[in-house]
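Participant: Data: entry-v1.cif, mmCIF, C-alpha atoms and all ligand atoms.
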```cif
data_coords
#
loop_
_atom_site.label_atom_id
_atom_site.label_comp_id
_atom_site.auth_asym_id
_atom_site.auth_seq_id
_atom_site.Cartn_x
_atom_site.Cartn_y
_atom_site.Cartn_z
CA MET A 506 18.57 -1.31 -9.74
CA VAL A 507 16.06 1.50 -9.64
CA VAL A 508 17.50 4.98 -10.04
CA TRP A 509 15.80 7.85 -8.23
CA THR A 510 16.34 11.49 -9.01
CA ASP A 511 16.71 13.92 -6.13
CA GLN A 512 13.35 15.39 -7.07
CA GLU A 513 11.64 11.99 -6.98
CA ARG A 514 13.15 11.29 -3.57
CA ALA A 515 11.98 14.66 -2.32
CA PHE A 516 8.44 14.19 -3.68
CA ILE A 517 8.08 10.75 -2.12
CA LYS A 518 9.31 12.04 1.25
CA GLU A 519 6.97 15.00 1.04
CA ILE A 520 3.94 12.81 0.39
CA PHE A 521 4.76 10.63 3.40
CA SER A 522 5.35 13.68 5.58
CA LYS A 523 1.81 14.83 4.82
CA LEU A 524 0.21 11.43 5.32
CA ASN A 525 -1.83 10.65 8.39
CA TYR A 526 -1.15 6.89 8.54
CA GLU A 527 -4.26 6.05 10.56
CA ASP A 528 -6.62 8.02 8.36
CA ALA A 529 -5.09 7.15 4.99
CA GLY A 530 -4.58 3.50 5.99
CA LEU A 531 -8.23 3.00 6.85
CA LYS A 532 -9.44 4.87 3.78
CA ALA A 533 -7.17 2.97 1.39
CA LEU A 534 -7.75 -0.52 2.81
CA GLY A 535 -11.44 0.24 3.28
CA ARG A 536 -11.71 1.25 -0.35
CA VAL A 537 -10.03 -1.95 -1.49
CA LEU A 538 -12.52 -4.04 0.51
CA ILE A 539 -15.49 -2.08 -0.83
CA VAL A 540 -14.48 -1.63 -4.46
CA TYR A 541 -13.01 -5.14 -4.87
CA PRO A 542 -15.11 -7.25 -2.48
CA TRP A 543 -13.28 -10.49 -3.28
CA THR A 544 -10.38 -9.13 -1.26
CA GLN A 545 -12.52 -9.62 1.86
CA ARG A 546 -11.67 -13.33 1.73
CA TYR A 547 -8.26 -12.60 3.23
CA PHE A 548 -9.75 -10.85 6.23
CA GLY A 549 -12.15 -13.51 7.48
CA GLY A 550 -11.13 -12.82 11.07
CA PHE A 551 -11.90 -9.12 10.87
CA GLY A 552 -15.57 -9.41 11.85
CA ASN A 553 -18.27 -7.33 10.20
CA LEU A 554 -17.41 -6.33 6.60
CA TYR A 555 -21.05 -6.47 5.52
CA ASN A 556 -21.26 -3.11 3.78
CA ALA A 557 -19.31 0.09 3.21
CA GLU A 558 -20.39 1.62 6.49
CA ALA A 559 -19.42 -1.49 8.45
CA ILE A 560 -16.03 -1.64 6.71
CA MET A 561 -15.19 2.01 7.30
CA SER A 562 -16.05 1.78 10.99
CA ASN A 563 -14.31 -1.57 11.56
CA GLN A 564 -11.45 -1.13 14.05
CA MET A 565 -9.53 -4.11 12.67
CA VAL A 566 -9.59 -2.62 9.18
CA ALA A 567 -8.36 0.67 10.63
CA ALA A 568 -5.56 -1.03 12.57
CA HIS A 569 -4.48 -3.11 9.60
CA GLY A 570 -4.57 -0.12 7.25
CA THR A 571 -2.14 1.59 9.59
CA VAL A 572 0.12 -1.50 9.59
CA VAL A 573 0.18 -1.48 5.79
CA LEU A 574 1.16 2.20 5.70
CA HIS A 575 3.96 1.61 8.19
CA GLY A 576 5.05 -1.19 5.85
CA LEU A 577 5.17 1.32 2.99
CA ASP A 578 7.05 3.77 5.18
CA LYS A 579 9.84 1.17 5.32
CA ALA A 580 10.14 1.22 1.54
CA MET A 581 10.30 5.03 1.59
CA LYS A 582 13.16 4.85 4.09
CA ASN A 583 14.99 2.23 1.99
CA LEU A 584 14.43 3.55 -1.52
CA ASP A 585 17.72 2.10 -2.73
CA ASP A 586 16.95 -1.42 -1.63
CA ILE A 587 13.21 -1.98 -1.66
CA LYS A 588 13.68 -5.49 -3.03
CA LYS A 589 15.65 -6.65 -0.01
CA THR A 590 13.52 -4.64 2.41
CA TYR A 591 10.45 -6.54 1.23
CA ALA A 592 11.92 -10.01 0.81
CA GLU A 593 10.32 -11.31 4.00
CA LEU A 594 7.03 -9.47 3.52
CA SER A 595 6.76 -10.89 0.01
CA LEU A 596 7.34 -14.40 1.33
CA LEU A 597 4.69 -13.87 4.01
CA HIS A 598 2.04 -12.71 1.51
CA SER A 599 2.90 -15.49 -0.89
CA GLU A 600 3.53 -18.59 1.20
CA LYS A 601 1.57 -17.90 4.36
CA LEU A 602 -1.25 -15.51 3.50
CA HIS A 603 -1.69 -16.70 -0.11
CA VAL A 604 -2.67 -13.22 -1.23
CA ASP A 605 -3.14 -13.03 -5.01
CA PRO A 606 -0.41 -10.56 -6.06
CA ASP A 607 -2.81 -8.74 -8.43
CA ASN A 608 -4.29 -7.27 -5.27
CA PHE A 609 -1.13 -5.27 -4.50
CA ARG A 610 -1.81 -3.08 -7.50
CA LEU A 611 -5.41 -2.57 -6.40
CA LEU A 612 -4.30 -1.38 -2.98
CA ALA A 613 -1.69 0.88 -4.54
CA ASP A 614 -4.35 2.45 -6.78
CA CYS A 615 -6.74 2.99 -3.88
CA LEU A 616 -4.00 4.63 -1.85
CA THR A 617 -3.20 6.96 -4.74
CA ILE A 618 -6.86 7.98 -4.90
CA VAL A 619 -6.88 8.68 -1.16
CA ILE A 620 -3.70 10.75 -1.40
CA ALA A 621 -4.99 12.70 -4.40
CA SER A 622 -8.24 13.50 -2.65
CA THR A 623 -6.49 14.48 0.58
CA MET A 624 -3.74 16.60 -0.99
CA GLY A 625 -5.86 18.13 -3.74
CA LYS A 626 -3.95 20.50 -5.99
CA ALA A 627 -0.71 19.96 -4.06
CA PHE A 628 -0.58 16.48 -5.64
CA THR A 629 0.90 17.73 -8.91
CA PRO A 630 1.41 15.52 -11.98
CA ASP A 631 5.18 15.51 -11.35
CA MET A 632 4.59 14.38 -7.81
CA GLN A 633 2.17 11.73 -9.01
CA ALA A 634 4.78 10.47 -11.48
CA ALA A 635 7.29 9.94 -8.65
CA TRP A 636 4.58 8.34 -6.49
CA GLN A 637 3.44 5.91 -9.19
CA LYS A 638 7.04 4.90 -9.78
CA PHE A 639 7.47 4.30 -6.05
CA LEU A 640 4.36 2.13 -5.92
CA ALA A 641 5.38 0.20 -9.03
CA VAL A 642 8.70 -0.66 -7.37
CA VAL A 643 6.88 -1.62 -4.14
CA VAL A 644 4.44 -3.88 -6.00
CA SER A 645 7.24 -5.49 -7.98
CA ALA A 646 9.24 -6.15 -4.77
CA LEU A 647 6.18 -7.65 -3.05
CA CYS A 648 5.65 -9.96 -6.05
CA ARG A 649 9.23 -11.24 -6.06
CA GLN A 650 8.81 -14.29 -3.84
CA TYR A 651 5.85 -15.57 -5.86
CA HIS A 652 6.56 -18.42 -8.24
NI1 LIG A 701 -0.55 -7.03 3.61
C1 LIG A 701 -0.21 -8.44 6.73
C2 LIG A 701 2.03 -4.85 4.31
C3 LIG A 701 -0.99 -5.52 0.58
C4 LIG A 701 -3.37 -8.92 3.07
N1 LIG A 701 0.67 -6.71 5.21
C5 LIG A 701 0.65 -7.38 6.41
C6 LIG A 701 1.66 -6.85 7.29
C7 LIG A 701 2.29 -5.83 6.59
C8 LIG A 701 1.65 -5.74 5.30
C9 LIG A 701 3.43 -4.92 7.08
C10 LIG A 701 1.99 -7.33 8.68
C11 LIG A 701 3.05 -8.38 8.54
C12 LIG A 701 3.43 -9.08 9.82
O1 LIG A 701 2.57 -9.27 10.67
O2 LIG A 701 4.63 -9.44 9.93
N2 LIG A 701 0.35 -5.50 2.62
C13 LIG A 701 1.42 -4.75 3.06
C14 LIG A 701 1.82 -3.81 2.03
C15 LIG A 701 0.96 -4.00 0.97
C16 LIG A 701 0.04 -5.06 1.35
C17 LIG A 701 2.96 -2.82 2.15
C18 LIG A 701 0.86 -3.33 -0.35
C19 LIG A 701 1.16 -2.11 -0.63
N3 LIG A 701 -1.91 -7.21 2.10
C20 LIG A 701 -1.92 -6.48 0.94
C21 LIG A 701 -3.08 -6.85 0.14
C22 LIG A 701 -3.76 -7.81 0.84
C23 LIG A 701 -3.02 -8.03 2.08
C24 LIG A 701 -3.42 -6.23 -1.19
C25 LIG A 701 -5.01 -8.54 0.50
C26 LIG A 701 -5.93 -8.11 -0.33
N4 LIG A 701 -1.59 -8.45 4.70
C27 LIG A 701 -2.74 -9.09 4.28
C28 LIG A 701 -3.20 -9.97 5.32
C29 LIG A 701 -2.29 -9.83 6.39
C30 LIG A 701 -1.28 -8.87 5.96
C31 LIG A 701 -4.44 -10.86 5.25
C32 LIG A 701 -2.36 -10.52 7.77
C33 LIG A 701 -3.37 -9.72 8.56
C34 LIG A 701 -3.62 -10.21 9.94
O3 LIG A 701 -3.38 -9.44 10.88
O4 LIG A 701 -4.09 -11.32 10.09
#
```
Go ahead and express the file in the form of structure tokens.
Ligand code: HNI

Facilitator:
Amino acid sequence: MVVWTDQERAFIKEIFSKLNYEDAGLKALGRVLIVYPWTQRYFGGFGNLYNAEAIMSNQMVAAHGTVVLHGLDKAMKNLDDIKKTYAELSLLHSEKLHVDPDNFRLLADCLTIVIASTMGKAFTPDMQAAWQKFLAVVVSALCRQYH
């Protein structure tokens, strides 16, 4: 089981409290689609993903980015049982969506970049340490139903 210090819990909560889910969701998912274009294959129904401008102004990307952040919000609210919280979501990405699990890490990295650029100096190294740990646990939980 993952052990969280009070400070880690506080840092993770603080980051979420400062997050605008719509804005950060679009920026993070948009970045994934632009920086790692092979990820576009999972979003064939999302319409125009032709270039960076099209991706960043695509309403379906924006809506789905927000959905992903609300998914992460669930992990933040269930820090002591992220594995169980994500059991179904892991199954969905594995068996139904067939998303290559390597992509979870890419999304996590893009989100960290968005948070760092939005929070600036307030995103201290200690805070980043707690955040990276959180994302590592999230990614591991999402990978659990893959075999
Ligand atoms: Ni993901 C659907 C959460 C990473 C591709 N994804 C969801 C849903 C949630 C979610 C929540 C909605 C589920 C439902 O409808 O019941 N996804 C997350 C989280 C992460 C993540 C928390 C990682 C931090 N998803 C990824 C990645 C990809 C991805 C990296 C592909 C590159 N997800 C999808 C696709 C869908 C999806 C595709 C279905 C979208 C749709 O609406 O058709």

Participant: When you count all atoms listed in the file, which of these residues is closest to Ile539 (chain A): A:Leu594, A:Ala580, A:Cys615, A:Lys601?

Facilitator: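 Answer, going by the shortest atom-to-atom distance: A:Cys615.
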
Participant: I'd like the contact shell of Tyr526 (chain A) - 7 Å cut-off, all atoms listed in the file, skipping same-chain residues fewer than 2 positions apart - returned as a PyMOL selection string.

Facilitator: chain A and resi 524+528-530+571+574

Participant: Can you tell me how far atom C23 of ligand LIG 701 (chain A) sits from CA of Phe516 (chain A), in Å to one decimal?

Facilitator: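 That distance, rounded to one decimal, is 25.7 Å.
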
Participant: List all protein, DNA and RNA residues that have an atom no more than 6 Å from any atom of ligand LIG 701 (chain A), counting all atoms listed in the file, and report them as a list of chain:residue names.

Facilitator: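 I would give the residues around ligand LIG 701 (chain A) as A:Thr544, A:Tyr547, A:Phe548, A:Val572, A:Val573, A:Gly576, A:Leu577, A:Leu602, A:Val604, A:Asn608, A:Phe609, A:Leu612, A:Ala613.
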
Participant: Using only C-alpha atoms, pick whichever of A:Arg546, A:Leu597, A:Leu611, A:Met624 has the shortest atom-to-atom distance to Ser522 (chain A).

Facilitator: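 For Ser522 (chain A), the nearest of the candidates is A:Met624.
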
Participant: Up to 12 Å from (12.5, -6.2, 0.8) in the file's coordinates: name the residues, counting all atoms listed in the file, as a ChimeraX atom specification.

Facilitator: /A:576-577,579-597,642-650
